[in-house]
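*Asks:* Input file: start.csv. Contents: CSV, C-alpha atoms and all ligand atoms.
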```csv
chain,number,residue,atom,x,y,z
L,1384,MET,CA,15.1,11.9,9.5
L,1385,SER,CA,15.6,14.2,12.4
L,1386,LYS,CA,12.7,16.4,11.3
L,1387,GLN,CA,9.4,16.5,13.1
L,1388,GLN,CA,7.4,13.3,12.8
L,1389,PRO,CA,4.7,13.7,10.2
L,1390,PRO,CA,1.1,13.0,11.4
L,1391,VAL,CA,-0.7,9.7,10.7
L,1392,ASP,CA,-4.2,11.2,10.4
L,1393,GLY,CA,-5.8,14.5,9.5
L,1394,TYR,CA,-3.8,17.1,7.5
L,1395,CYS,CA,0.0,17.1,7.2
L,1396,GLU,CA,1.3,20.7,7.2
L,1397,GLN,CA,4.7,19.7,5.8
L,1398,CYS,CA,3.5,18.1,2.5
L,1399,GLY,CA,-0.2,19.0,2.3
L,1400,PHE,CA,-1.5,15.4,2.4
L,1401,ASN,CA,-5.0,15.0,3.9
L,1402,TYR,CA,-6.0,11.6,5.4
L,1403,ASP,CA,-9.7,12.7,5.4
L,1404,THR,CA,-10.1,13.4,1.6
L,1405,GLY,CA,-10.0,11.2,-1.5
L,1406,ASP,CA,-11.6,7.9,-2.3
L,1407,LEU,CA,-9.6,4.7,-2.8
L,1408,GLN,CA,-9.1,5.1,-6.6
L,1409,GLY,CA,-8.1,8.8,-6.2
L,1410,THR,CA,-5.7,8.0,-3.4
L,1411,VAL,CA,-4.0,5.2,-5.5
L,1412,THR,CA,-3.8,7.5,-8.5
L,1413,LEU,CA,-2.2,10.2,-6.4
L,1414,LEU,CA,0.3,7.7,-5.0
L,1415,ILE,CA,1.4,6.6,-8.4
L,1416,ARG,CA,1.8,10.2,-9.6
L,1417,GLN,CA,3.8,11.1,-6.5
L,1418,ALA,CA,6.0,8.0,-7.0
L,1419,ALA,CA,6.6,9.0,-10.6
L,1420,ASP,CA,7.6,12.5,-9.4
L,1421,CYS,CA,10.1,10.9,-7.0
L,1422,ALA,CA,11.6,8.7,-9.8
L,1423,MET,CA,11.8,11.6,-12.2
L,1424,ALA,CA,13.5,13.9,-9.7
L,1425,LEU,CA,16.1,11.3,-8.9
L,1426,THR,CA,16.7,10.4,-12.6
L,1427,LYS,CA,17.0,14.0,-13.6
L,1428,ALA,CA,19.4,14.8,-10.8
L,1429,ALA,CA,21.5,11.7,-11.6
L,1430,ALA,CA,21.7,12.8,-15.2
L,1431,GLY,CA,22.6,16.4,-14.3
L,1432,PRO,CA,26.0,18.1,-14.2
L,1433,ASP,CA,26.8,16.6,-10.9
L,1434,ALA,CA,25.3,13.1,-10.4
L,1435,ASN,CA,26.7,13.0,-6.9
L,1436,VAL,CA,24.0,15.4,-5.6
L,1437,VAL,CA,21.7,12.4,-5.1
L,1438,ARG,CA,24.1,11.0,-2.5
L,1439,LEU,CA,24.6,14.2,-0.5
L,1440,ARG,CA,22.9,14.7,2.8
L,1441,PRO,CA,21.8,18.3,3.3
L,1442,GLU,CA,22.5,17.8,7.0
L,1443,PRO,CA,24.2,14.9,8.8
L,1444,GLU,CA,21.0,13.6,10.2
L,1445,VAL,CA,18.8,14.2,7.1
L,1446,TRP,CA,18.7,11.5,4.4
L,1447,SER,CA,20.0,12.1,0.9
L,1448,ALA,CA,17.7,11.9,-2.1
L,1449,ILE,CA,18.9,8.4,-3.0
L,1450,GLU,CA,18.3,7.3,0.7
L,1451,TYR,CA,14.7,8.7,0.6
L,1452,ALA,CA,14.1,7.1,-2.8
L,1453,CYS,CA,15.3,3.7,-1.6
L,1454,HIS,CA,13.1,4.1,1.5
L,1455,VAL,CA,10.0,5.0,-0.7
L,1456,ARG,CA,10.8,1.9,-2.9
L,1457,ASP,CA,11.0,-0.4,0.2
L,1458,VAL,CA,7.9,1.1,1.8
L,1459,LEU,CA,5.9,0.4,-1.4
L,1460,GLU,CA,7.0,-3.3,-1.4
L,1461,VAL,CA,6.5,-3.8,2.3
L,1462,GLN,CA,3.0,-2.2,2.2
L,1463,ARG,CA,2.0,-4.4,-0.7
L,1464,LEU,CA,3.0,-7.5,1.2
L,1465,ARG,CA,1.1,-6.2,4.2
L,1466,ILE,CA,-2.1,-5.9,2.1
L,1467,ALA,CA,-1.6,-9.6,1.1
L,1468,GLN,CA,-0.9,-10.6,4.8
L,1469,CYS,CA,-4.0,-8.7,6.0
L,1470,LEU,CA,-6.2,-10.5,3.6
L,1471,ALA,CA,-4.7,-13.9,4.3
L,1472,GLU,CA,-4.6,-13.9,8.1
L,1473,ASP,CA,-7.3,-13.7,10.8
L,1474,ARG,CA,-5.4,-11.5,13.2
L,1475,PRO,CA,-2.6,-9.9,11.2
L,1476,VAL,CA,0.4,-8.5,13.1
L,1477,TYR,CA,2.8,-6.7,10.8
L,1478,ALA,CA,6.6,-7.1,11.3
L,1479,PRO,CA,8.3,-3.7,11.6
L,1480,MET,CA,10.2,-2.7,8.4
L,1481,ASP,CA,13.2,-1.3,10.3
L,1482,ARG,CA,13.3,1.9,8.3
L,1483,THR,CA,16.6,3.2,9.8
L,1484,GLY,CA,18.4,-0.2,10.0
L,1485,ARG,CA,17.8,-0.7,6.2
L,1486,VAL,CA,19.7,2.4,5.3
L,1487,LYS,CA,23.0,0.8,6.3
L,1488,GLN,CA,22.2,-2.9,5.8
L,1489,GLU,CA,21.0,-2.3,2.2
L,1490,LYS,CA,23.7,0.3,1.6
L,1491,TYR,CA,21.1,2.8,0.3
L,1492,GLU,CA,23.7,5.5,-0.4
L,1493,HIS,CA,25.6,3.3,-2.8
L,1494,GLN,CA,22.6,2.2,-4.9
L,1495,ASP,CA,22.2,3.1,-8.5
L,1496,PRO,CA,19.7,5.9,-8.9
L,1497,ILE,CA,18.4,4.7,-12.3
L,1498,GLU,CA,17.7,1.2,-10.9
L,1499,VAL,CA,16.2,2.6,-7.8
L,1500,ALA,CA,13.9,4.9,-9.8
L,1501,ALA,CA,12.8,2.0,-12.0
L,1502,ALA,CA,12.1,-0.3,-9.0
L,1503,LEU,CA,10.3,2.5,-7.2
L,1504,MET,CA,7.9,2.8,-10.2
L,1505,ARG,CA,7.4,-0.9,-10.6
L,1506,PHE,CA,6.6,-1.3,-6.8
L,1507,ALA,CA,4.2,1.7,-7.0
L,1508,ARG,CA,2.3,0.1,-9.9
L,1509,GLU,CA,2.2,-3.3,-8.0
L,1510,PHE,CA,1.0,-1.6,-4.8
L,1511,GLY,CA,-1.6,0.2,-6.8
L,1512,ALA,CA,-2.9,-3.0,-8.5
L,1513,ALA,CA,-3.2,-4.7,-5.1
L,1514,ALA,CA,-5.0,-1.7,-3.5
L,1515,ARG,CA,-7.4,-0.8,-6.3
L,1516,VAL,CA,-9.3,-4.1,-6.2
L,1517,LEU,CA,-10.1,-4.1,-2.5
L,1518,GLN,CA,-13.8,-4.2,-1.5
L,1519,PRO,CA,-15.2,-1.9,1.2
L,1520,GLN,CA,-15.4,-4.8,3.6
L,1521,GLN,CA,-11.7,-5.6,3.0
L,1522,LEU,CA,-10.7,-2.0,3.4
L,1523,GLY,CA,-12.2,-2.1,6.9
L,1524,LYS,CA,-10.1,-5.1,8.0
L,1525,LEU,CA,-7.7,-4.4,10.9
L,1526,GLY,CA,-4.1,-5.4,11.3
L,1527,LEU,CA,-1.7,-4.5,14.2
L,1528,TYR,CA,0.6,-1.8,12.9
L,1529,ASN,CA,3.8,-0.6,14.6
L,1530,TYR,CA,4.4,2.9,13.3
L,1531,PRO,CA,4.5,5.5,14.9
L,1532,VAL,CA,2.8,3.6,17.8
L,1533,ARG,CA,1.5,0.0,18.0
L,1534,ALA,CA,-2.2,0.2,17.0
L,1535,PRO,CA,-4.8,-1.6,15.1
L,1536,ARG,CA,-5.2,0.0,11.6
L,1537,SER,CA,-7.6,-0.7,8.8
L,1538,LEU,CA,-6.4,-1.6,5.3
L,1539,GLY,CA,-8.1,1.7,4.1
L,1540,TRP,CA,-5.8,3.6,6.5
L,1541,LEU,CA,-2.8,1.6,5.4
L,1542,ILE,CA,-3.4,2.7,1.8
L,1543,ARG,CA,-3.9,6.3,2.7
L,1544,HIS,CA,-0.8,6.2,5.0
L,1545,THR,CA,1.3,4.7,2.1
L,1546,ALA,CA,0.1,7.5,-0.2
L,1547,HIS,CA,1.1,10.0,2.5
L,1548,GLU,CA,4.6,8.4,2.9
L,1549,ILE,CA,5.2,8.8,-0.8
L,1550,GLN,CA,3.9,12.3,-1.0
L,1551,HIS,CA,5.8,13.3,2.1
L,1552,HIS,CA,9.1,11.9,0.8
L,1553,ARG,CA,8.5,13.3,-2.7
L,1554,HIS,CA,8.4,16.6,-0.9
L,1555,ASP,CA,11.7,15.7,0.9
L,1556,ILE,CA,13.4,14.6,-2.2
L,1557,THR,CA,12.6,17.6,-4.3
L,1558,GLU,CA,13.4,20.0,-1.4
L,1559,ILE,CA,16.9,18.3,-0.9
L,1560,LEU,CA,17.7,18.4,-4.6
L,1561,ALA,CA,16.6,22.0,-4.9
L,1562,LYS,CA,19.1,22.8,-2.2
L,1563,LEU,CA,22.0,20.8,-3.5
L,1564,GLU,CA,21.7,20.7,-7.3
L,1565,PRO,CA,24.2,23.0,-8.9
L,1566,PRO,CA,22.6,25.5,-11.2
L,1567,ILE,CA,22.8,24.5,-14.8
L,1568,VAL,CA,25.1,27.0,-16.5
L,1569,PRO,CA,26.8,26.8,-19.8
L,1570,LYS,CA,30.4,25.5,-19.7
L,1571,PRO,CA,32.9,28.4,-19.5
L,1572,LYS,CA,34.8,29.0,-22.7
L,1573,PRO,CA,38.4,27.7,-22.5
L,1574,GLU,CA,40.7,30.6,-21.5
L,1575,VAL,CA,42.9,31.8,-24.3
L,1576,SER,CA,46.4,32.8,-23.3
L,1577,ASP,CA,47.8,36.2,-24.5
L,1578,GLU,CA,50.3,34.5,-26.7
L,1579,VAL,CA,47.7,32.4,-28.5
L,1580,ALA,CA,45.5,35.4,-28.7
L,1581,ASP,CA,48.2,37.4,-30.4
L,1582,GLU,CA,48.9,34.6,-33.0
L,1583,VAL,CA,45.2,34.3,-33.7
L,1584,ALA,CA,45.1,38.1,-34.1
L,1585,ASP,CA,48.0,37.9,-36.6
L,1586,GLU,CA,46.4,35.2,-38.6
L,1587,VAL,CA,43.2,37.1,-38.7
L,1588,ALA,CA,45.1,40.1,-39.9
L,1589,GLU,CA,46.9,38.1,-42.6
L,1590,VAL,CA,43.6,36.7,-43.9
L,1591,ALA,CA,42.2,40.2,-43.9
L,1592,ASP,CA,45.1,41.4,-46.0
L,1601,ZN,ZN,3.3,14.8,5.0
```
I'd like the structure from this file rewritten - as structure tokens, please.
Ligand SMILES: [Zn+2]

*Replies:*
Amino acid sequence: MSKQQPPVDGYCEQCGFNYDTGDLQGTVTLLIRQAADCAMALTKAAAGPDANVVRLRPEPEVWSAIEYACHVRDVLEVQRLRIAQCLAEDRPVYAPMDRTGRVKQEKYEHQDPIEVAAALMRFAREFGAAARVLQPQQLGKLGLYNYPVRAPRSLGWLIRHTAHEIQHHRHDITEILAKLEPPIVPKPKPEVSDEVADEVADEVAEVAD
């Protein structure tokens, strides 16, 4: 995560997300599609010729695909709980999710990619269900948010920001896997020693006779 901090409003040049476009339903649909892309990229890489690529960090300080996917899964769960908290409380103050602490505490790098992908999709659908039903008045409700600076943020912003998180990390995950995933090539044919080759040649000659 040593890369430049992505913006939390306007246009993100790294992944193309725009906070200023898209209504609620469109934003939620986009989020679910991007989550599905994350899950699919992870599953595909884990089923590929070298399943280990999901656990490789492209640089010591940049997360691996499984670490990003675990982060996306946890973001989706935490943000859904924050929607519920915001609706339930008068002056909601969100607890920080401790994004970097979780990597070690939850042993992200050892988690099973198939289980992570499934949970990520489940949490995306649950987040979407919680977000889609919000009324305009609810979308304007404020809560005190910690990232990247402590500031009051509306529920509408929280939903757009979650969609950005998922799109941004989908971009990270596919970029990392494209760098690391070995090219899919046919297995080399087993080498035939000269002796065996000679025997085969003799047999072929006998048959031909
Ligand atoms: Zn972005």

*Asks:* Give me, as JSON lines, the closest atom pair and its distance (Å, one decimal) for every residue of chain L within a cut-off of 6 Å of ligand ZN 1601 (chain L), counting all atoms listed in the file, rows sorted by chain and rising number.

*Replies:*
```
{"residue": "L:Pro1389", "atom": "CA", "partner": "L:ZN1601", "partner_atom": "ZN", "distance": 5.5}
{"residue": "L:Cys1395", "atom": "CA", "partner": "L:ZN1601", "partner_atom": "ZN", "distance": 4.6}
{"residue": "L:Gln1397", "atom": "CA", "partner": "L:ZN1601", "partner_atom": "ZN", "distance": 5.2}
{"residue": "L:Cys1398", "atom": "CA", "partner": "L:ZN1601", "partner_atom": "ZN", "distance": 4.1}
{"residue": "L:Phe1400", "atom": "CA", "partner": "L:ZN1601", "partner_atom": "ZN", "distance": 5.5}
{"residue": "L:His1547", "atom": "CA", "partner": "L:ZN1601", "partner_atom": "ZN", "distance": 5.8}
{"residue": "L:His1551", "atom": "CA", "partner": "L:ZN1601", "partner_atom": "ZN", "distance": 4.1}
```

*Asks:* Just how far from atom CA of L:Ile1415 is atom CA of L:Ala1452, in Å to one decimal?

*Replies:* 13.9 Å

*Asks:* Near stretch 1473-1477 of chain L, within 8 Å and counting all atoms listed in the file, which residues show up once chain neighbours fewer than 2 positions away are dropped, as a ChimeraX atom specification?

*Replies:* /L:1465,1468-1471,1479,1525-1529

*Asks:* Which value, in Å to one decimal, gives the distance between atom CA of L:Glu1396 and atom CA of L:Ile1559?

*Replies:*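 About the pair atom CA of L:Glu1396 and atom CA of L:Ile1559: they are 17.7 Å apart.
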
*Asks:* If you count only C-alpha atoms, which residues fall within 8 Å of L:Gln1417, apart from same-chain ones fewer than 5 positions away, as a ChimeraX atom specification?

*Replies:* /L:1549-1550,1553

*Asks:* Separation of atom CA of L:Leu1414 and atom CA of L:Lys1487, in Å?

*Replies:* 26.3 Å

*Asks:* List every protein, DNA or RNA residue with an atom no more than 12 Å from (17.4, 5.3, -10.1) in the file's coordinates, counting all atoms listed in the file, and format the result as a ChimeraX atom specification.

*Replies:* /L:1419,1421-1430,1434,1437-1438,1448-1453,1455-1456,1491-1505

*Asks:* Taking into account all atoms listed in the file, which residue in the set L:Gln1521, L:Leu1560, L:Glu1444, L:Ala1514 is nearest to L:Gly1409?

*Replies:*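 Of the candidates, the smallest distance to L:Gly1409 is held by L:Ala1514.
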
*Asks:* Smallest atom-to-atom distance to L:Thr1404: which of L:Arg1482, L:Arg1543, L:Lys1524, L:Pro1531, using only C-alpha atoms?

*Replies:*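 Looking at the shortest contact to L:Thr1404, the residue is L:Arg1543.
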
*Asks:* Could you check the closest approach to L:Gln1520 for each of L:Leu1407, L:Gln1488, L:Gly1539, L:Glu1460 and tell me which residue wins, using all atoms listed in the file?

*Replies:*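 Looking at the shortest contact to L:Gln1520, the residue is L:Gly1539.
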
*Asks:* Could you pull the residues within 9 Å of L:Leu1413, counting all atoms listed in the file, minus those fewer than 5 positions along the same chain, as an MDAnalysis selection string?

*Replies:* chainID L and resid 1408 1418 1546 1550

*Asks:* Those same residues, written as a short mmCIF file (atom, residue, chain, number, x, y, z; two decimals), in the coordinates of the input with C-alpha atoms?

*Replies:*
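Result file follows (out.cif):
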```
data_model
loop_
_atom_site.label_atom_id
_atom_site.label_comp_id
_atom_site.auth_asym_id
_atom_site.auth_seq_id
_atom_site.Cartn_x
_atom_site.Cartn_y
_atom_site.Cartn_z
CA GLN L 1408 -9.10 5.10 -6.60
CA ALA L 1418 6.00 8.00 -7.00
CA ALA L 1546 0.10 7.50 -0.20
CA GLN L 1550 3.90 12.30 -1.00
#
```

*Asks:* Given all atoms listed in the file as the basis, pick out the residue of L:Glu1472, L:Thr1412, L:Tyr1394, L:Pro1432 nearest to L:Leu1563.

*Replies:*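 For L:Leu1563, the nearest of the candidates is L:Pro1432.
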